Each structure stands twice: as structure tokens, then as C-alpha cells.
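Source file: work.cif (mmCIF, N, CA, C and O atoms)
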data_structure
#
loop_
_atom_site.group_PDB
_atom_site.id
_atom_site.type_symbol
_atom_site.label_atom_id
_atom_site.label_comp_id
_atom_site.auth_asym_id
_atom_site.auth_seq_id
_atom_site.Cartn_x
_atom_site.Cartn_y
_atom_site.Cartn_z
ATOM 1 N N TYR A 30 8.480 -14.038 49.827
ATOM 2 C CA TYR A 30 9.434 -13.023 50.227
ATOM 3 C C TYR A 30 9.838 -13.152 51.694
ATOM 4 O O TYR A 30 10.892 -12.698 52.076
ATOM 5 N N LYS A 31 8.986 -13.757 52.499
ATOM 6 C CA LYS A 31 9.287 -13.872 53.928
ATOM 7 C C LYS A 31 10.562 -14.663 54.190
ATOM 8 O O LYS A 31 11.359 -14.281 55.035
ATOM 9 N N ASP A 32 10.737 -15.777 53.505
ATOM 10 C CA ASP A 32 11.912 -16.613 53.758
ATOM 11 C C ASP A 32 13.211 -15.876 53.453
ATOM 12 O O ASP A 32 14.197 -16.012 54.170
ATOM 13 N N PHE A 33 13.220 -15.071 52.404
ATOM 14 C CA PHE A 33 14.435 -14.367 52.024
ATOM 15 C C PHE A 33 14.722 -13.182 52.939
ATOM 16 O O PHE A 33 15.850 -12.981 53.382
ATOM 17 N N PHE A 34 13.694 -12.363 53.248
ATOM 18 C CA PHE A 34 13.920 -11.134 54.004
ATOM 19 C C PHE A 34 13.819 -11.315 55.511
ATOM 20 O O PHE A 34 14.202 -10.433 56.259
ATOM 21 N N ARG A 35 13.288 -12.434 55.982
ATOM 22 C CA ARG A 35 13.208 -12.769 57.415
ATOM 23 C C ARG A 35 12.735 -11.604 58.285
ATOM 24 O O ARG A 35 13.494 -11.070 59.101
ATOM 25 N N PRO A 36 11.502 -11.206 58.158
ATOM 26 C CA PRO A 36 11.005 -10.091 58.988
ATOM 27 C C PRO A 36 10.991 -10.473 60.468
ATOM 28 O O PRO A 36 10.865 -11.647 60.815
ATOM 29 N N ASN A 37 11.133 -9.476 61.332
ATOM 30 C CA ASN A 37 11.131 -9.749 62.768
ATOM 31 C C ASN A 37 9.731 -9.635 63.369
ATOM 32 O O ASN A 37 9.566 -9.809 64.562
ATOM 33 N N ARG A 38 8.745 -9.327 62.535
ATOM 34 C CA ARG A 38 7.342 -9.281 62.971
ATOM 35 C C ARG A 38 6.475 -9.449 61.738
ATOM 36 O O ARG A 38 6.956 -9.360 60.607
ATOM 37 N N GLU A 39 5.209 -9.696 61.947
ATOM 38 C CA GLU A 39 4.279 -9.787 60.828
ATOM 39 C C GLU A 39 4.081 -8.410 60.218
ATOM 40 O O GLU A 39 3.861 -7.436 60.938
ATOM 41 N N ALA A 40 4.161 -8.333 58.928
ATOM 42 C CA ALA A 40 3.914 -7.073 58.234
ATOM 43 C C ALA A 40 2.415 -6.797 58.206
ATOM 44 O O ALA A 40 1.610 -7.723 58.157
ATOM 45 N N THR A 41 2.088 -5.529 58.231
ATOM 46 C CA THR A 41 0.690 -5.168 58.020
ATOM 47 C C THR A 41 0.374 -5.439 56.553
ATOM 48 O O THR A 41 1.293 -5.543 55.723
ATOM 49 N N PRO A 42 -0.887 -5.543 56.199
ATOM 50 C CA PRO A 42 -1.210 -5.756 54.781
ATOM 51 C C PRO A 42 -0.625 -4.671 53.869
ATOM 52 O O PRO A 42 -0.137 -4.976 52.779
ATOM 53 N N ASP A 43 -0.642 -3.410 54.328
ATOM 54 C CA ASP A 43 -0.075 -2.328 53.520
ATOM 55 C C ASP A 43 1.441 -2.479 53.377
ATOM 56 O O ASP A 43 1.992 -2.286 52.289
ATOM 57 N N GLU A 44 2.126 -2.832 54.456
ATOM 58 C CA GLU A 44 3.577 -3.038 54.390
ATOM 59 C C GLU A 44 3.918 -4.191 53.452
ATOM 60 O O GLU A 44 4.861 -4.088 52.653
ATOM 61 N N ALA A 45 3.178 -5.270 53.536
ATOM 62 C CA ALA A 45 3.428 -6.423 52.670
ATOM 63 C C ALA A 45 3.209 -6.053 51.205
ATOM 64 O O ALA A 45 4.012 -6.409 50.334
ATOM 65 N N ARG A 46 2.151 -5.320 50.922
ATOM 66 C CA ARG A 46 1.840 -4.896 49.567
ATOM 67 C C ARG A 46 2.963 -4.006 49.014
ATOM 68 O O ARG A 46 3.415 -4.173 47.886
ATOM 69 N N ARG A 47 3.435 -3.050 49.834
ATOM 70 C CA ARG A 47 4.515 -2.157 49.383
ATOM 71 C C ARG A 47 5.826 -2.920 49.187
ATOM 72 O O ARG A 47 6.574 -2.653 48.256
ATOM 73 N N MET A 48 6.114 -3.859 50.058
ATOM 74 C CA MET A 48 7.347 -4.636 49.928
ATOM 75 C C MET A 48 7.335 -5.454 48.641
ATOM 76 O O MET A 48 8.316 -5.473 47.887
ATOM 77 N N VAL A 49 6.221 -6.098 48.361
ATOM 78 C CA VAL A 49 6.106 -6.883 47.132
ATOM 79 C C VAL A 49 6.188 -5.953 45.918
ATOM 80 O O VAL A 49 6.873 -6.263 44.940
ATOM 81 N N GLY A 50 5.536 -4.807 45.978
ATOM 82 C CA GLY A 50 5.606 -3.848 44.882
ATOM 83 C C GLY A 50 7.020 -3.353 44.647
ATOM 84 O O GLY A 50 7.467 -3.223 43.499
ATOM 85 N N PHE A 51 7.748 -3.076 45.728
ATOM 86 C CA PHE A 51 9.139 -2.616 45.622
ATOM 87 C C PHE A 51 10.019 -3.684 44.980
ATOM 88 O O PHE A 51 10.795 -3.403 44.062
ATOM 89 N N VAL A 52 9.894 -4.913 45.438
ATOM 90 C CA VAL A 52 10.708 -6.000 44.889
ATOM 91 C C VAL A 52 10.381 -6.210 43.416
ATOM 92 O O VAL A 52 11.284 -6.400 42.595
ATOM 93 N N ARG A 53 9.115 -6.148 43.062
ATOM 94 C CA ARG A 53 8.741 -6.290 41.652
ATOM 95 C C ARG A 53 9.294 -5.144 40.815
ATOM 96 O O ARG A 53 9.748 -5.352 39.693
ATOM 97 N N LEU A 54 9.253 -3.939 41.361
ATOM 98 C CA LEU A 54 9.805 -2.793 40.640
ATOM 99 C C LEU A 54 11.289 -2.996 40.378
ATOM 100 O O LEU A 54 11.766 -2.819 39.259
ATOM 101 N N VAL A 55 12.030 -3.386 41.388
ATOM 102 C CA VAL A 55 13.477 -3.577 41.254
ATOM 103 C C VAL A 55 13.793 -4.717 40.288
ATOM 104 O O VAL A 55 14.703 -4.614 39.460
ATOM 105 N N ASN A 56 13.049 -5.805 40.364
ATOM 106 C CA ASN A 56 13.369 -6.988 39.566
ATOM 107 C C ASN A 56 12.777 -7.009 38.166
ATOM 108 O O ASN A 56 13.338 -7.674 37.293
ATOM 109 N N ALA A 57 11.657 -6.317 37.932
ATOM 110 C CA ALA A 57 10.960 -6.531 36.670
ATOM 111 C C ALA A 57 10.666 -5.277 35.858
ATOM 112 O O ALA A 57 10.333 -5.385 34.684
ATOM 113 N N ALA A 58 10.771 -4.108 36.437
ATOM 114 C CA ALA A 58 10.383 -2.892 35.715
ATOM 115 C C ALA A 58 11.414 -2.522 34.657
ATOM 116 O O ALA A 58 12.615 -2.745 34.837
ATOM 117 N N ASP A 59 10.930 -1.937 33.572
ATOM 118 C CA ASP A 59 11.868 -1.407 32.584
ATOM 119 C C ASP A 59 12.457 -0.102 33.134
ATOM 120 O O ASP A 59 12.037 0.393 34.178
ATOM 121 N N ASP A 60 13.442 0.436 32.469
ATOM 122 C CA ASP A 60 14.158 1.615 32.966
ATOM 123 C C ASP A 60 13.240 2.809 33.208
ATOM 124 O O ASP A 60 13.363 3.501 34.216
ATOM 125 N N ALA A 61 12.319 3.040 32.297
ATOM 126 C CA ALA A 61 11.427 4.194 32.433
ATOM 127 C C ALA A 61 10.494 4.038 33.630
ATOM 128 O O ALA A 61 10.301 4.973 34.408
ATOM 129 N N ALA A 62 9.926 2.856 33.794
ATOM 130 C CA ALA A 62 9.030 2.612 34.929
ATOM 131 C C ALA A 62 9.801 2.702 36.243
ATOM 132 O O ALA A 62 9.324 3.287 37.220
ATOM 133 N N PHE A 63 11.005 2.137 36.266
ATOM 134 C CA PHE A 63 11.819 2.190 37.479
ATOM 135 C C PHE A 63 12.127 3.637 37.860
ATOM 136 O O PHE A 63 11.919 4.035 38.998
ATOM 137 N N ALA A 64 12.589 4.412 36.898
ATOM 138 C CA ALA A 64 12.929 5.818 37.170
ATOM 139 C C ALA A 64 11.710 6.608 37.624
ATOM 140 O O ALA A 64 11.816 7.477 38.489
ATOM 141 N N GLY A 65 10.563 6.290 37.087
ATOM 142 C CA GLY A 65 9.355 7.022 37.441
ATOM 143 C C GLY A 65 8.764 6.653 38.778
ATOM 144 O O GLY A 65 8.077 7.464 39.405
ATOM 145 N N GLU A 66 9.025 5.431 39.251
ATOM 146 C CA GLU A 66 8.377 4.954 40.472
ATOM 147 C C GLU A 66 9.286 4.810 41.691
ATOM 148 O O GLU A 66 8.791 4.770 42.819
ATOM 149 N N ILE A 67 10.598 4.712 41.506
ATOM 150 C CA ILE A 67 11.478 4.419 42.645
ATOM 151 C C ILE A 67 11.375 5.480 43.744
ATOM 152 O O ILE A 67 11.447 5.157 44.927
ATOM 153 N N GLY A 68 11.147 6.717 43.377
ATOM 154 C CA GLY A 68 11.023 7.782 44.366
ATOM 155 C C GLY A 68 9.826 7.627 45.283
ATOM 156 O O GLY A 68 9.801 8.194 46.375
ATOM 157 N N SER A 69 8.847 6.832 44.908
ATOM 158 C CA SER A 69 7.696 6.595 45.786
ATOM 159 C C SER A 69 8.008 5.536 46.837
ATOM 160 O O SER A 69 7.265 5.372 47.799
ATOM 161 N N TYR A 70 9.114 4.830 46.665
ATOM 162 C CA TYR A 70 9.501 3.796 47.622
ATOM 163 C C TYR A 70 10.638 4.222 48.540
ATOM 164 O O TYR A 70 10.742 3.742 49.653
ATOM 165 N N LEU A 71 11.536 5.073 48.054
ATOM 166 C CA LEU A 71 12.639 5.510 48.915
ATOM 167 C C LEU A 71 13.143 6.882 48.501
ATOM 168 O O LEU A 71 12.910 7.326 47.379
ATOM 169 N N ASP A 72 13.815 7.520 49.426
ATOM 170 C CA ASP A 72 14.427 8.823 49.178
ATOM 171 C C ASP A 72 15.750 8.549 48.463
ATOM 172 O O ASP A 72 16.739 8.154 49.089
ATOM 173 N N VAL A 73 15.761 8.700 47.167
ATOM 174 C CA VAL A 73 16.892 8.287 46.337
ATOM 175 C C VAL A 73 18.179 9.007 46.734
ATOM 176 O O VAL A 73 19.235 8.370 46.869
ATOM 177 N N ASP A 74 18.151 10.320 46.939
ATOM 178 C CA ASP A 74 19.369 11.052 47.301
ATOM 179 C C ASP A 74 19.968 10.551 48.606
ATOM 180 O O ASP A 74 21.175 10.301 48.695
ATOM 181 N N ASN A 75 19.142 10.389 49.620
ATOM 182 C CA ASN A 75 19.655 9.893 50.903
ATOM 183 C C ASN A 75 20.114 8.445 50.807
ATOM 184 O O ASN A 75 21.099 8.051 51.433
ATOM 185 N N TYR A 76 19.431 7.634 50.025
ATOM 186 C CA TYR A 76 19.851 6.249 49.839
ATOM 187 C C TYR A 76 21.230 6.194 49.183
ATOM 188 O O TYR A 76 22.091 5.421 49.605
ATOM 189 N N LEU A 77 21.451 7.016 48.168
ATOM 190 C CA LEU A 77 22.756 7.022 47.499
ATOM 191 C C LEU A 77 23.862 7.513 48.431
ATOM 192 O O LEU A 77 24.986 7.001 48.389
ATOM 193 N N ARG A 78 23.553 8.475 49.293
ATOM 194 C CA ARG A 78 24.538 8.908 50.306
ATOM 195 C C ARG A 78 24.880 7.754 51.246
ATOM 196 O O ARG A 78 26.042 7.490 51.551
ATOM 197 N N PHE A 79 23.845 7.069 51.720
ATOM 198 C CA PHE A 79 24.042 5.924 52.606
ATOM 199 C C PHE A 79 24.893 4.855 51.921
ATOM 200 O O PHE A 79 25.840 4.315 52.498
ATOM 201 N N LEU A 80 24.574 4.549 50.673
ATOM 202 C CA LEU A 80 25.322 3.544 49.921
ATOM 203 C C LEU A 80 26.784 3.947 49.752
ATOM 204 O O LEU A 80 27.689 3.136 49.941
ATOM 205 N N ALA A 81 27.028 5.216 49.436
ATOM 206 C CA ALA A 81 28.406 5.688 49.248
ATOM 207 C C ALA A 81 29.213 5.589 50.539
ATOM 208 O O ALA A 81 30.352 5.124 50.536
ATOM 209 N N VAL A 82 28.629 6.007 51.653
ATOM 210 C CA VAL A 82 29.347 5.944 52.932
ATOM 211 C C VAL A 82 29.564 4.501 53.346
ATOM 212 O O VAL A 82 30.636 4.137 53.837
ATOM 213 N N THR A 83 28.576 3.644 53.154
ATOM 214 C CA THR A 83 28.720 2.227 53.487
ATOM 215 C C THR A 83 29.878 1.615 52.705
ATOM 216 O O THR A 83 30.680 0.859 53.255
ATOM 217 N N ALA A 84 29.987 1.950 51.433
ATOM 218 C CA ALA A 84 31.095 1.443 50.617
ATOM 219 C C ALA A 84 32.422 2.060 51.046
ATOM 220 O O ALA A 84 33.443 1.365 51.136
ATOM 221 N N LEU A 85 32.425 3.363 51.338
ATOM 222 C CA LEU A 85 33.649 4.054 51.719
ATOM 223 C C LEU A 85 34.254 3.483 53.000
ATOM 224 O O LEU A 85 35.473 3.286 53.087
ATOM 225 N N ILE A 86 33.432 3.197 53.983
ATOM 226 C CA ILE A 86 33.955 2.693 55.256
ATOM 227 C C ILE A 86 34.026 1.165 55.297
ATOM 228 O O ILE A 86 34.387 0.581 56.306
ATOM 229 N N VAL A 87 33.712 0.526 54.194
ATOM 230 C CA VAL A 87 33.739 -0.928 54.068
ATOM 231 C C VAL A 87 32.955 -1.568 55.223
ATOM 232 O O VAL A 87 33.462 -2.405 55.956
ATOM 233 N N ASN A 88 31.722 -1.150 55.363
ATOM 234 C CA ASN A 88 30.853 -1.662 56.418
ATOM 235 C C ASN A 88 30.337 -3.042 56.019
ATOM 236 O O ASN A 88 29.412 -3.171 55.233
ATOM 237 N N THR A 89 30.950 -4.077 56.554
ATOM 238 C CA THR A 89 30.540 -5.444 56.214
ATOM 239 C C THR A 89 29.367 -5.933 57.056
ATOM 240 O O THR A 89 28.842 -7.010 56.820
ATOM 241 N N ASP A 90 28.960 -5.152 58.035
ATOM 242 C CA ASP A 90 27.834 -5.534 58.886
ATOM 243 C C ASP A 90 26.584 -4.774 58.442
ATOM 244 O O ASP A 90 25.973 -4.043 59.200
ATOM 245 N N SER A 91 26.230 -4.940 57.174
ATOM 246 C CA SER A 91 25.133 -4.174 56.613
ATOM 247 C C SER A 91 24.301 -5.033 55.673
ATOM 248 O O SER A 91 24.636 -6.179 55.370
ATOM 249 N N PHE A 92 23.269 -4.439 55.159
ATOM 250 C CA PHE A 92 22.379 -5.058 54.177
ATOM 251 C C PHE A 92 23.149 -5.533 52.955
ATOM 252 O O PHE A 92 22.837 -6.561 52.365
ATOM 253 N N PHE A 93 24.179 -4.830 52.557
ATOM 254 C CA PHE A 93 24.884 -5.119 51.314
ATOM 255 C C PHE A 93 25.918 -6.222 51.428
ATOM 256 O O PHE A 93 26.314 -6.797 50.421
ATOM 257 N N ALA A 94 26.394 -6.532 52.605
ATOM 258 C CA ALA A 94 27.449 -7.529 52.742
ATOM 259 C C ALA A 94 26.914 -8.840 53.324
ATOM 260 O O ALA A 94 26.789 -9.831 52.625
ATOM 261 N N LEU A 95 26.606 -8.830 54.598
ATOM 262 C CA LEU A 95 26.186 -10.065 55.271
ATOM 263 C C LEU A 95 24.669 -10.255 55.273
ATOM 264 O O LEU A 95 24.190 -11.321 55.628
ATOM 265 N N GLY A 96 23.936 -9.233 54.902
ATOM 266 C CA GLY A 96 22.497 -9.369 54.794
ATOM 267 C C GLY A 96 21.755 -9.481 56.102
ATOM 268 O O GLY A 96 20.769 -10.193 56.199
ATOM 269 N N HIS A 97 22.220 -8.779 57.118
ATOM 270 C CA HIS A 97 21.480 -8.738 58.372
ATOM 271 C C HIS A 97 21.594 -7.358 58.972
ATOM 272 O O HIS A 97 22.231 -6.468 58.417
ATOM 273 N N ASN A 98 20.933 -7.150 60.094
ATOM 274 C CA ASN A 98 20.906 -5.850 60.788
ATOM 275 C C ASN A 98 20.215 -4.765 59.964
ATOM 276 O O ASN A 98 20.696 -3.646 59.866
ATOM 277 N N PHE A 99 19.099 -5.100 59.364
ATOM 278 C CA PHE A 99 18.337 -4.108 58.613
ATOM 279 C C PHE A 99 16.860 -4.463 58.656
ATOM 280 O O PHE A 99 16.497 -5.607 58.916
ATOM 281 N N TYR A 100 16.039 -3.484 58.446
ATOM 282 C CA TYR A 100 14.595 -3.665 58.324
ATOM 283 C C TYR A 100 14.115 -2.848 57.142
ATOM 284 O O TYR A 100 14.498 -1.704 56.997
ATOM 285 N N LEU A 101 13.285 -3.447 56.299
ATOM 286 C CA LEU A 101 12.830 -2.772 55.102
ATOM 287 C C LEU A 101 11.438 -2.185 55.240
ATOM 288 O O LEU A 101 10.968 -1.533 54.341
ATOM 289 N N TYR A 102 10.758 -2.451 56.358
ATOM 290 C CA TYR A 102 9.459 -1.820 56.573
ATOM 291 C C TYR A 102 9.288 -1.466 58.016
ATOM 292 O O TYR A 102 10.059 -1.850 58.844
#
Starting from the file, give its structure as C-alpha cells.
Amino acid sequence: YKDFFRPNREATPDEARRMVGFVRLVNAADDAAFAGEIGSYLDVDNYLRFLAVTALIVNTDSFFALGHNFYLY
């Protein structure tokens, strides 16, 4: 995961464990497991607000477009 996400510092063991768990949840969980666990990784309502505004203002300098200027832990 390090090569893809390019962290700017070494993750603590807990941060690394949560990051791997989050990626596995997003990539491999069935719908029920995803719905039941995603709230333990992020604030879903605020994330959806952020996503909507990012799309509305066509922010190309974000995680969703160019893939830089963000930190996940």
C-alpha cells in the first residue's frame, strides 16, 4: 500500500493496520459488511458533503482527480 498512497511519514502500527483494514473493506467486503463497518473508518455524512462540494466546484487538485494533496491517516 505504501507505493500507491505515498505516505509522507512512517505510519504507526495502528495507523497501518487501520489503513489496510479500510482498503480491504472498500475492495473486498460485501454490501452488508461494508454498510456495517464503514462508519468505524469515516464520518459518512461529512464525507458525502465533502465529495459533493468537491464535485460541484470541480476541484481537480484533490484526492479524486490528480491524487495528491491528501493524507489518509
The centre and edge lengths of an axis-aligned box containing all atoms of segment 38-52 of chain A present in the file, extended by 3 Å on each side, are to be given in Å to one decimal, as AutoDock Vina command-line options.
--center_x 5.0 --center_y -6.0 --center_z 52.8 --size_x 18.5 --size_y 13.6 --size_z 26.4
Given only C-alpha atoms as the counted atoms, nearest of A:Gly50, A:Asn75, A:Arg38, A:Ile86 to Phe63 of chain A: A:Gly50
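Reported to one decimal place, the separation of atom N of Ala62 of chain A from atom C of Ala40 of chain A is 27.3 Å.
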I'd like the residues picked by the PyMOL selection byres (((chain A and resi 52 and name CA) around 12) and name CA) written out as a PyMOL selection string, using the chain letters and numbers from the file. chain A and resi 30+33-34+45-51+53-58+63+67+70+101
Atoms kept (N, CA, C and O atoms) for selection, written as an mmCIF file, in the frame of the given file:
data_model
loop_
_atom_site.group_PDB
_atom_site.id
_atom_site.type_symbol
_atom_site.label_atom_id
_atom_site.label_comp_id
_atom_site.auth_asym_id
_atom_site.auth_seq_id
_atom_site.Cartn_x
_atom_site.Cartn_y
_atom_site.Cartn_z
ATOM 1 N N TYR A 30 8.480 -14.038 49.827
ATOM 2 C CA TYR A 30 9.434 -13.023 50.227
ATOM 3 C C TYR A 30 9.838 -13.152 51.694
ATOM 4 O O TYR A 30 10.892 -12.698 52.076
ATOM 5 N N PHE A 33 13.220 -15.071 52.404
ATOM 6 C CA PHE A 33 14.435 -14.367 52.024
ATOM 7 C C PHE A 33 14.722 -13.182 52.939
ATOM 8 O O PHE A 33 15.850 -12.981 53.382
ATOM 9 N N PHE A 34 13.694 -12.363 53.248
ATOM 10 C CA PHE A 34 13.920 -11.134 54.004
ATOM 11 C C PHE A 34 13.819 -11.315 55.511
ATOM 12 O O PHE A 34 14.202 -10.433 56.259
ATOM 13 N N ALA A 45 3.178 -5.270 53.536
ATOM 14 C CA ALA A 45 3.428 -6.423 52.670
ATOM 15 C C ALA A 45 3.209 -6.053 51.205
ATOM 16 O O ALA A 45 4.012 -6.409 50.334
ATOM 17 N N ARG A 46 2.151 -5.320 50.922
ATOM 18 C CA ARG A 46 1.840 -4.896 49.567
ATOM 19 C C ARG A 46 2.963 -4.006 49.014
ATOM 20 O O ARG A 46 3.415 -4.173 47.886
ATOM 21 N N ARG A 47 3.435 -3.050 49.834
ATOM 22 C CA ARG A 47 4.515 -2.157 49.383
ATOM 23 C C ARG A 47 5.826 -2.920 49.187
ATOM 24 O O ARG A 47 6.574 -2.653 48.256
ATOM 25 N N MET A 48 6.114 -3.859 50.058
ATOM 26 C CA MET A 48 7.347 -4.636 49.928
ATOM 27 C C MET A 48 7.335 -5.454 48.641
ATOM 28 O O MET A 48 8.316 -5.473 47.887
ATOM 29 N N VAL A 49 6.221 -6.098 48.361
ATOM 30 C CA VAL A 49 6.106 -6.883 47.132
ATOM 31 C C VAL A 49 6.188 -5.953 45.918
ATOM 32 O O VAL A 49 6.873 -6.263 44.940
ATOM 33 N N GLY A 50 5.536 -4.807 45.978
ATOM 34 C CA GLY A 50 5.606 -3.848 44.882
ATOM 35 C C GLY A 50 7.020 -3.353 44.647
ATOM 36 O O GLY A 50 7.467 -3.223 43.499
ATOM 37 N N PHE A 51 7.748 -3.076 45.728
ATOM 38 C CA PHE A 51 9.139 -2.616 45.622
ATOM 39 C C PHE A 51 10.019 -3.684 44.980
ATOM 40 O O PHE A 51 10.795 -3.403 44.062
ATOM 41 N N ARG A 53 9.115 -6.148 43.062
ATOM 42 C CA ARG A 53 8.741 -6.290 41.652
ATOM 43 C C ARG A 53 9.294 -5.144 40.815
ATOM 44 O O ARG A 53 9.748 -5.352 39.693
ATOM 45 N N LEU A 54 9.253 -3.939 41.361
ATOM 46 C CA LEU A 54 9.805 -2.793 40.640
ATOM 47 C C LEU A 54 11.289 -2.996 40.378
ATOM 48 O O LEU A 54 11.766 -2.819 39.259
ATOM 49 N N VAL A 55 12.030 -3.386 41.388
ATOM 50 C CA VAL A 55 13.477 -3.577 41.254
ATOM 51 C C VAL A 55 13.793 -4.717 40.288
ATOM 52 O O VAL A 55 14.703 -4.614 39.460
ATOM 53 N N ASN A 56 13.049 -5.805 40.364
ATOM 54 C CA ASN A 56 13.369 -6.988 39.566
ATOM 55 C C ASN A 56 12.777 -7.009 38.166
ATOM 56 O O ASN A 56 13.338 -7.674 37.293
ATOM 57 N N ALA A 57 11.657 -6.317 37.932
ATOM 58 C CA ALA A 57 10.960 -6.531 36.670
ATOM 59 C C ALA A 57 10.666 -5.277 35.858
ATOM 60 O O ALA A 57 10.333 -5.385 34.684
ATOM 61 N N ALA A 58 10.771 -4.108 36.437
ATOM 62 C CA ALA A 58 10.383 -2.892 35.715
ATOM 63 C C ALA A 58 11.414 -2.522 34.657
ATOM 64 O O ALA A 58 12.615 -2.745 34.837
ATOM 65 N N PHE A 63 11.005 2.137 36.266
ATOM 66 C CA PHE A 63 11.819 2.190 37.479
ATOM 67 C C PHE A 63 12.127 3.637 37.860
ATOM 68 O O PHE A 63 11.919 4.035 38.998
ATOM 69 N N ILE A 67 10.598 4.712 41.506
ATOM 70 C CA ILE A 67 11.478 4.419 42.645
ATOM 71 C C ILE A 67 11.375 5.480 43.744
ATOM 72 O O ILE A 67 11.447 5.157 44.927
ATOM 73 N N TYR A 70 9.114 4.830 46.665
ATOM 74 C CA TYR A 70 9.501 3.796 47.622
ATOM 75 C C TYR A 70 10.638 4.222 48.540
ATOM 76 O O TYR A 70 10.742 3.742 49.653
ATOM 77 N N LEU A 101 13.285 -3.447 56.299
ATOM 78 C CA LEU A 101 12.830 -2.772 55.102
ATOM 79 C C LEU A 101 11.438 -2.185 55.240
ATOM 80 O O LEU A 101 10.968 -1.533 54.341
#
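Atom CA of Asn88 of chain A is found 20.8 Å from atom CA of Asp72 of chain A.
Atom CA of Tyr76 of chain A sits 16.9 Å away from atom CA of Asp90 of chain A.
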Picked from segment 41-89 of chain A by DSSP as alpha helix (DSSP H), as a VMD selection string: chain A and resid 42 to 57 60 to 66 73 to 85
